[in-house]
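**Q** So that you have it, the file is data35.txt, and it contains compact mmCIF, C-alpha atoms:
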# COMPACT_ATOMS: atom_id res chain seq x y z
CA MET A 1 11.54 -4.66 -15.38
CA ASN A 2 13.90 -3.71 -12.54
CA ILE A 3 15.52 -6.75 -10.93
CA ILE A 4 16.67 -6.46 -7.31
CA VAL A 5 19.16 -9.03 -6.02
CA GLY A 6 19.38 -9.25 -2.23
CA ALA A 7 15.92 -7.76 -1.81
CA THR A 8 15.55 -8.77 1.84
CA GLY A 9 18.69 -6.92 2.94
CA GLN A 10 19.03 -3.48 4.49
CA VAL A 11 19.46 -1.66 1.17
CA GLY A 12 17.55 -4.05 -1.10
CA SER A 13 14.33 -3.97 0.93
CA ASN A 14 14.27 -0.17 0.96
CA LEU A 15 15.14 -0.10 -2.75
CA ILE A 16 12.21 -2.39 -3.58
CA ASN A 17 9.85 -0.11 -1.64
CA GLU A 18 11.17 3.03 -3.33
CA ILE A 19 10.86 1.66 -6.87
CA LYS A 20 7.38 0.34 -6.14
CA ARG A 21 6.34 3.68 -4.62
CA ASN A 22 7.37 5.42 -7.83
CA ARG A 23 5.29 2.92 -9.83
CA PHE A 24 8.08 1.30 -11.78
CA PRO A 25 7.95 -2.48 -12.37
CA VAL A 26 10.13 -4.37 -9.91
CA ARG A 27 11.01 -7.98 -9.14
CA ALA A 28 12.80 -9.38 -6.10
CA VAL A 29 15.34 -12.17 -6.55
CA VAL A 30 15.95 -13.88 -3.22
CA ARG A 31 16.96 -17.24 -1.78
CA ASN A 32 13.89 -17.29 0.46
CA PRO A 33 10.82 -15.37 -0.80
CA LYS A 34 9.11 -15.96 2.57
CA LYS A 35 11.44 -13.36 4.08
CA LEU A 36 9.96 -10.61 1.91
CA VAL A 37 7.86 -8.34 4.09
CA ASP A 38 5.75 -7.10 1.17
CA LYS A 39 4.02 -10.18 -0.26
CA THR A 40 2.59 -8.19 -3.18
CA ILE A 41 6.04 -7.84 -4.77
CA GLU A 42 6.81 -10.11 -7.71
CA ALA A 43 9.49 -12.49 -6.46
CA ARG A 44 11.66 -15.24 -7.91
CA LYS A 45 13.72 -17.72 -5.94
CA ALA A 46 17.39 -18.10 -6.87
CA ASP A 47 20.73 -18.90 -5.29
CA LEU A 48 23.51 -16.57 -6.49
CA PHE A 49 25.79 -19.59 -6.92
CA ASN A 50 23.29 -21.28 -9.26
CA VAL A 51 23.59 -19.57 -12.63
CA GLU A 52 20.63 -21.47 -14.13
CA GLN A 53 18.29 -20.40 -11.32
CA LEU A 54 19.59 -16.85 -11.46
CA THR A 55 19.19 -16.58 -15.23
CA GLU A 56 15.61 -17.86 -15.08
CA ALA A 57 14.78 -15.43 -12.27
CA CYS A 58 16.11 -12.47 -14.27
CA LYS A 59 14.43 -13.17 -17.61
CA GLY A 60 12.53 -10.14 -18.87
CA GLY A 61 14.66 -7.76 -16.85
CA THR A 62 16.10 -4.58 -18.33
CA ALA A 63 18.03 -3.29 -15.27
CA ILE A 64 19.54 -5.26 -12.41
CA PHE A 65 20.80 -4.24 -8.98
CA VAL A 66 23.68 -6.43 -7.79
CA LEU A 67 25.90 -6.60 -4.73
CA THR A 68 28.73 -8.67 -3.28
CA PRO A 69 27.96 -11.55 -0.89
CA GLU A 70 27.39 -10.87 2.80
CA ASN A 71 28.05 -14.23 4.40
CA PRO A 72 29.96 -14.25 7.69
CA GLY A 73 29.97 -18.07 7.51
CA SER A 74 32.00 -18.22 4.28
CA ASN A 75 35.37 -19.96 4.34
CA ASN A 76 36.60 -18.04 1.29
CA ILE A 77 34.60 -14.87 0.73
CA ILE A 78 36.86 -13.61 -2.08
CA GLU A 79 36.43 -16.80 -4.11
CA ASP A 80 32.69 -16.66 -3.44
CA THR A 81 32.68 -13.11 -4.79
CA LYS A 82 34.51 -14.18 -7.96
CA ARG A 83 31.96 -16.93 -8.60
CA ILE A 84 28.99 -14.66 -8.05
CA ILE A 85 30.34 -11.88 -10.27
CA GLU A 86 30.94 -14.41 -13.04
CA ASN A 87 27.34 -15.60 -12.64
CA TYR A 88 26.12 -12.00 -12.84
CA ARG A 89 28.02 -11.61 -16.12
CA LYS A 90 26.43 -14.73 -17.59
CA VAL A 91 22.97 -13.63 -16.49
CA VAL A 92 23.37 -10.12 -17.93
CA GLN A 93 24.30 -11.58 -21.32
CA ALA A 94 21.75 -14.40 -21.32
CA ALA A 95 18.82 -12.30 -20.12
CA GLY A 96 19.58 -9.25 -22.26
CA ILE A 97 20.01 -6.86 -19.33
CA GLN A 98 20.67 -3.29 -20.49
CA LYS A 99 21.84 -1.70 -17.23
CA ILE A 100 23.65 -2.91 -14.14
CA ILE A 101 23.62 -1.02 -10.85
CA GLY A 102 26.37 -2.24 -8.53
CA LEU A 103 26.45 -1.57 -4.79
CA SER A 104 30.09 -0.74 -4.15
CA CYS A 105 31.58 1.39 -1.33
CA ILE A 106 33.82 4.37 -0.67
CA GLY A 107 37.43 3.27 -1.13
CA ALA A 108 36.79 0.76 -3.95
CA HIS A 109 39.28 2.61 -6.16
CA ILE A 110 42.15 1.68 -3.82
CA GLU A 111 44.51 -1.20 -4.53
CA GLY A 112 45.84 -3.22 -1.64
CA ASN A 113 44.78 -5.18 1.40
CA THR A 114 41.38 -3.65 2.15
CA GLY A 115 39.34 -6.75 3.03
CA ASN A 116 35.66 -6.45 2.17
CA ILE A 117 36.32 -3.23 0.25
CA PHE A 118 38.33 -5.28 -2.24
CA MET A 119 35.13 -7.21 -3.02
CA SER A 120 33.54 -3.93 -4.15
CA ARG A 121 36.59 -3.26 -6.32
CA MET A 122 36.12 -6.69 -7.91
CA LEU A 123 32.47 -5.88 -8.60
CA GLU A 124 33.32 -2.57 -10.27
CA GLN A 125 35.91 -4.21 -12.52
CA GLY A 126 33.86 -7.28 -13.35
CA PHE A 127 31.81 -5.83 -16.22
CA ASP A 128 34.30 -3.56 -18.00
CA ASP A 129 34.08 -5.45 -21.30
CA LEU A 130 30.27 -5.55 -21.47
CA ALA A 131 28.57 -2.96 -23.69
CA ILE A 132 25.83 -2.05 -21.23
CA ASP A 133 25.10 0.91 -18.96
CA LYS A 134 27.14 0.43 -15.77
CA VAL A 135 26.47 2.45 -12.63
CA PHE A 136 28.39 1.88 -9.39
CA ILE A 137 27.24 3.44 -6.15
CA ARG A 138 29.86 3.99 -3.43
CA PRO A 139 28.16 4.77 -0.12
CA SER A 140 29.90 5.50 3.17
CA TYR A 141 29.56 3.64 6.48
CA TYR A 142 25.87 2.86 7.15
CA PHE A 143 24.10 4.48 10.10
CA SER A 144 22.27 1.17 10.50
CA ASN A 145 25.50 -0.60 11.55
CA TRP A 146 25.17 1.08 14.94
CA LEU A 147 21.74 -0.50 15.52
CA GLY A 148 23.48 -3.84 16.05
CA TYR A 149 24.73 -2.47 19.36
CA LEU A 150 21.38 -1.08 20.48
CA GLU A 151 20.65 -3.80 23.06
CA THR A 152 24.09 -3.38 24.65
CA VAL A 153 23.71 0.40 24.65
CA ALA A 154 20.21 0.28 26.16
CA ARG A 155 21.04 -2.33 28.79
CA TYR A 156 24.57 -1.41 29.85
CA GLY A 157 25.12 2.13 28.58
CA VAL A 158 28.14 0.97 26.58
CA LEU A 159 28.78 1.41 22.85
CA PRO A 160 31.36 -1.12 21.60
CA THR A 161 33.38 -0.14 18.53
CA PHE A 162 36.43 -1.29 16.59
CA PHE A 163 37.22 2.34 15.74
CA PRO A 164 39.27 4.76 17.89
CA GLU A 165 36.65 6.77 19.76
CA ASN A 166 37.70 10.10 18.21
CA LEU A 167 37.99 8.86 14.62
CA LYS A 168 35.50 10.78 12.47
CA ILE A 169 34.34 9.02 9.29
CA GLU A 170 31.75 9.57 6.58
CA MET A 171 28.40 7.92 7.33
CA ASN A 172 25.03 7.84 5.63
CA SER A 173 21.47 6.53 5.86
CA PRO A 174 20.70 3.29 3.98
CA ILE A 175 17.21 4.69 3.34
CA ASP A 176 18.67 7.75 1.60
CA LEU A 177 20.98 5.38 -0.27
CA ALA A 178 18.05 3.29 -1.53
CA LYS A 179 16.31 6.42 -2.82
CA PHE A 180 19.45 7.48 -4.67
CA ILE A 181 19.86 4.02 -6.22
CA ALA A 182 16.20 3.95 -7.28
CA ARG A 183 16.66 7.18 -9.23
CA ALA A 184 19.85 5.92 -10.88
CA MET A 185 18.21 2.62 -11.72
CA THR A 186 15.06 3.99 -13.33
CA GLU A 187 16.58 6.80 -15.38
CA GLN A 188 17.26 6.32 -19.09
CA SER A 189 20.15 4.00 -19.92
CA THR A 190 23.08 4.66 -22.25
CA ALA A 191 24.72 1.53 -23.66
CA GLY A 192 28.41 1.26 -22.79
CA ASN A 193 28.31 4.17 -20.32
CA ARG A 194 30.12 3.80 -16.95
CA ARG A 195 29.41 6.07 -14.01
CA ILE A 196 30.46 6.12 -10.38
CA PHE A 197 28.66 8.01 -7.62
CA GLU A 198 30.31 8.53 -4.23
CA LEU A 199 27.89 9.25 -1.39
CA THR A 200 28.46 10.86 1.98
CA GLY A 201 26.22 12.14 4.75
CA GLN A 202 25.77 15.68 6.03
CA GLN A 203 28.83 15.39 8.28
CA LYS A 204 31.44 13.01 9.63
CA TYR A 205 30.83 11.27 12.95
CA SER A 206 33.06 9.60 15.54
CA SER A 207 32.06 6.80 17.90
CA LEU A 208 31.91 9.45 20.63
CA ASP A 209 29.40 11.39 18.52
CA VAL A 210 27.31 8.24 18.10
CA ALA A 211 27.39 7.62 21.87
CA ARG A 212 26.28 11.20 22.57
CA ILE A 213 23.34 10.82 20.19
CA PHE A 214 22.30 7.50 21.75
CA SER A 215 22.63 9.13 25.17
CA LYS A 216 20.30 11.95 24.13
CA LEU A 217 17.71 9.71 22.49
CA LEU A 218 17.69 7.08 25.26
CA ASP A 219 18.02 9.61 28.08
CA LYS A 220 20.90 7.74 29.71
CA GLU A 221 24.67 8.02 29.89
CA VAL A 222 26.41 6.08 27.13
CA THR A 223 30.17 5.53 27.05
CA VAL A 224 32.37 4.25 24.23
CA GLN A 225 34.29 0.99 24.53
CA SER A 226 36.92 0.96 21.79
CA LEU A 227 38.15 -2.60 21.31
CA PRO A 228 41.89 -2.99 20.58
CA LYS A 229 42.86 -4.74 17.35
CA GLU A 230 44.04 -7.87 19.14
CA GLN A 231 40.45 -8.45 20.34
CA TRP A 232 38.71 -8.02 16.96
CA LYS A 233 39.13 -11.61 15.80
CA GLU A 234 37.88 -13.12 19.05
CA MET A 235 34.84 -10.85 19.03
CA LEU A 236 33.96 -11.66 15.41
CA LEU A 237 34.40 -15.41 15.87
CA SER A 238 32.09 -15.28 18.89
CA VAL A 239 29.23 -13.89 16.78
CA GLY A 240 29.51 -16.38 13.92
CA PHE A 241 32.27 -15.14 11.63
CA THR A 242 34.76 -17.64 10.25
CA GLU A 243 38.53 -17.12 10.36
CA ASN A 244 38.33 -15.98 6.73
CA THR A 245 35.51 -13.47 7.06
CA ALA A 246 36.87 -12.17 10.37
CA LYS A 247 40.18 -11.39 8.66
CA ASN A 248 38.46 -9.63 5.76
CA LEU A 249 36.34 -7.46 8.06
CA SER A 250 39.39 -6.70 10.21
CA ASP A 251 41.38 -5.68 7.12
CA MET A 252 38.54 -3.38 6.05
CA THR A 253 38.34 -1.84 9.52
CA GLN A 254 42.08 -1.19 9.54
CA ALA A 255 41.80 0.45 6.12
CA VAL A 256 39.17 2.82 7.55
CA ILE A 257 41.38 3.63 10.55
CA ASP A 258 44.33 4.25 8.24
CA HIS A 259 42.24 6.83 6.31
CA LYS A 260 42.37 4.78 3.11
CA THR A 261 38.60 4.70 2.63
CA VAL A 262 38.13 8.20 1.30
CA PRO A 263 36.32 9.35 -1.84
CA GLU A 264 38.24 9.10 -5.09
CA GLN A 265 36.73 12.44 -6.18
CA PRO A 266 36.24 14.34 -2.88
CA ASN A 267 34.97 17.48 -4.62
CA ASP A 268 32.28 15.58 -6.50
CA THR A 269 30.54 13.55 -3.78
CA LYS A 270 26.76 13.52 -3.33
CA LYS A 271 25.62 14.48 0.17
CA LEU A 272 22.63 12.49 1.40
CA PRO A 273 20.18 14.51 3.55
CA THR A 274 19.47 12.53 6.73
CA THR A 275 21.50 13.15 9.89
CA LEU A 276 22.48 10.32 12.23
CA GLU A 277 20.29 11.70 15.01
CA ASN A 278 17.20 11.84 12.81
CA TYR A 279 17.87 8.36 11.44
CA LEU A 280 18.27 6.79 14.88
CA LYS A 281 15.27 8.69 16.20
CA GLU A 282 13.05 7.18 13.51
CA GLN A 283 14.48 3.68 13.99
CA LEU A 284 13.92 3.79 17.74
CA LYS A 285 10.21 4.44 17.15
CA LYS A 286 9.82 1.04 15.48
Could you write out this structure as structure tokens?

**A**
Amino acid sequence: MNIIVGATGQVGSNLINEIKRNRFPVRAVVRNPKKLVDKTIEARKADLFNVEQLTEACKGGTAIFVLTPENPGSNNIIEDTKRIIENYRKVVQAAGIQKIIGLSCIGAHIEGNTGNIFMSRMLEQGFDDLAIDKVFIRPSYYFSNWLGYLETVARYGVLPTFFPENLKIEMNSPIDLAKFIARAMTEQSTAGNRRIFELTGQQKYSSLDVARIFSKLLDKEVTVQSLPKEQWKEMLLSVGFTENTAKNLSDMTQAVIDHKTVPEQPNDTKKLPTTLENYLKEQLKK
């Protein structure tokens, strides 16, 4: 049985669909099963902070997909991450899990003040002493992050960004990512093995490139509005982030700008197939 934590999220929901499509057994572990779009999926309710609930939900599992918390309302996201990783460890041992697939990110090998990227580093290091198959997937910046600005782009012709407009970074499709994870999750396990996969897209994109693609697809002029660093905190607080999570996201953004978030093995990355234009084109049809 393949256990998917965070099954209602951007990656988890696509991962569930991909595993089901390939006819492998799959179970969603979520805080609110009502949010699952596919009601035919086996689902168990569990809070990641409740180790008893989580253990019960994962019984019978052989492989588990895990990720770090995404909670803008947290007052200490690093401590939350520590607690959740410790709960994952207890569940893996109690439920007899044979393989763990961790959603990490490009740059997780770097030490230092990298904000949310440090949470991925914590995840990668959290299972070193366990004799199970460990696979960590490091994707690049998600294409889907730009969809959060779609209303502003469509209404005002403005694409806000924290990045310098000419900064080109690796980006990829979360749908491609889910397909890659599904393959890694359902292949044969090797006890004690540890593997890392770093994923990129077909090319790097800048915010200007994203604006040009939106302009083409929406048939309207779109300009980039690059927000200076001193405005990041105010913007994040206005949309529900706490002081703590705003700082962590800002630190991660600065790490990207400083070119710290690069593959550890640049000659051994896996290129995912979908281009940004094709991804956005399909999303705009929905």

**Q** Need the shell around segment 193-199 of chain A: protein/DNA/RNA residues with any atom at most 6 Å away, counting all atoms listed in the file. Skip same-chain ones fewer than 2 positions apart. Format as a PDB file with C-alpha atoms, keeping the file's coordinate frame?

**A**
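New file selection-v8.pdb:
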ATOM      1  CA  ASP A 133      25.100   0.910 -18.960  1.00  0.00           C
ATOM      2  CA  LYS A 134      27.140   0.430 -15.770  1.00  0.00           C
ATOM      3  CA  VAL A 135      26.470   2.450 -12.630  1.00  0.00           C
ATOM      4  CA  PHE A 136      28.390   1.880  -9.390  1.00  0.00           C
ATOM      5  CA  ILE A 137      27.240   3.440  -6.150  1.00  0.00           C
ATOM      6  CA  ARG A 138      29.860   3.990  -3.430  1.00  0.00           C
ATOM      7  CA  PRO A 139      28.160   4.770  -0.120  1.00  0.00           C
ATOM      8  CA  THR A 190      23.080   4.660 -22.250  1.00  0.00           C
ATOM      9  CA  ALA A 191      24.720   1.530 -23.660  1.00  0.00           C
ATOM     10  CA  THR A 269      30.540  13.550  -3.780  1.00  0.00           C
ATOM     11  CA  LYS A 270      26.760  13.520  -3.330  1.00  0.00           C
ATOM     12  CA  LYS A 271      25.620  14.480   0.170  1.00  0.00           C
TER      13      LYS A 271
END

**Q** Between atom CA of Ile78 of chain A and atom CA of Glu111 of chain A, what is the spacing in Å?

**A**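 That distance, rounded to one decimal, is 14.8 Å.
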
**Q** Report, in Å with one decimal, the straight-line distance from atom CA of Cys105 of chain A to atom CA of Ile117 of chain A.

**A** 6.8 Å

**Q** From the options A:Asn145, A:Gln125, A:Thr186, A:Thr114, which residue's atoms come nearest to Pro25 of chain A, counting all atoms listed in the file?

**A** A:Thr186

**Q** Quick one: distance from atom CA of Gln254 of chain A to atom CA of Pro174 of chain A in Å, one decimal?

**A**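 Pair atom CA of Gln254 of chain A / atom CA of Pro174 of chain A returns 22.5 Å.
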
**Q** Can you tell me which residues surround Leu177 of chain A at a distance of at most 10 Å, considering only C-alpha atoms, apart from same-chain residues fewer than 4 positions away, and format the answer as a PDB file with C-alpha atoms, in the coordinates of the input?

**A**
ATOM      1  CA  VAL A  11      19.460  -1.660   1.170  1.00  0.00           C
ATOM      2  CA  ASN A  14      14.270  -0.170   0.960  1.00  0.00           C
ATOM      3  CA  LEU A  15      15.140  -0.100  -2.750  1.00  0.00           C
ATOM      4  CA  LEU A 103      26.450  -1.570  -4.790  1.00  0.00           C
ATOM      5  CA  ILE A 137      27.240   3.440  -6.150  1.00  0.00           C
ATOM      6  CA  ARG A 138      29.860   3.990  -3.430  1.00  0.00           C
ATOM      7  CA  PRO A 139      28.160   4.770  -0.120  1.00  0.00           C
ATOM      8  CA  SER A 140      29.900   5.500   3.170  1.00  0.00           C
ATOM      9  CA  TYR A 142      25.870   2.860   7.150  1.00  0.00           C
ATOM     10  CA  ASN A 172      25.030   7.840   5.630  1.00  0.00           C
ATOM     11  CA  SER A 173      21.470   6.530   5.860  1.00  0.00           C
ATOM     12  CA  ILE A 181      19.860   4.020  -6.220  1.00  0.00           C
ATOM     13  CA  ALA A 182      16.200   3.950  -7.280  1.00  0.00           C
ATOM     14  CA  LEU A 199      27.890   9.250  -1.390  1.00  0.00           C
ATOM     15  CA  THR A 200      28.460  10.860   1.980  1.00  0.00           C
ATOM     16  CA  GLY A 201      26.220  12.140   4.750  1.00  0.00           C
ATOM     17  CA  LEU A 272      22.630  12.490   1.400  1.00  0.00           C
ATOM     18  CA  PRO A 273      20.180  14.510   3.550  1.00  0.00           C
TER      19      PRO A 273
END

**Q** Hey, what's within 10 Å of Phe49 of chain A if we count only C-alpha atoms and toss same-chain stuff fewer than 5 positions away? As a VMD selection string, please?

**A** chain A and resid 54 80 to 81 83 to 88

**Q** May I ask which of the residues A:Pro72, A:Glu18, A:Pro228, A:Lys82 is the closest one to Leu48 of chain A, counting all atoms listed in the file?

**A**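 Once distances to Leu48 of chain A are computed over all atoms listed in the file, the minimum belongs to A:Lys82.
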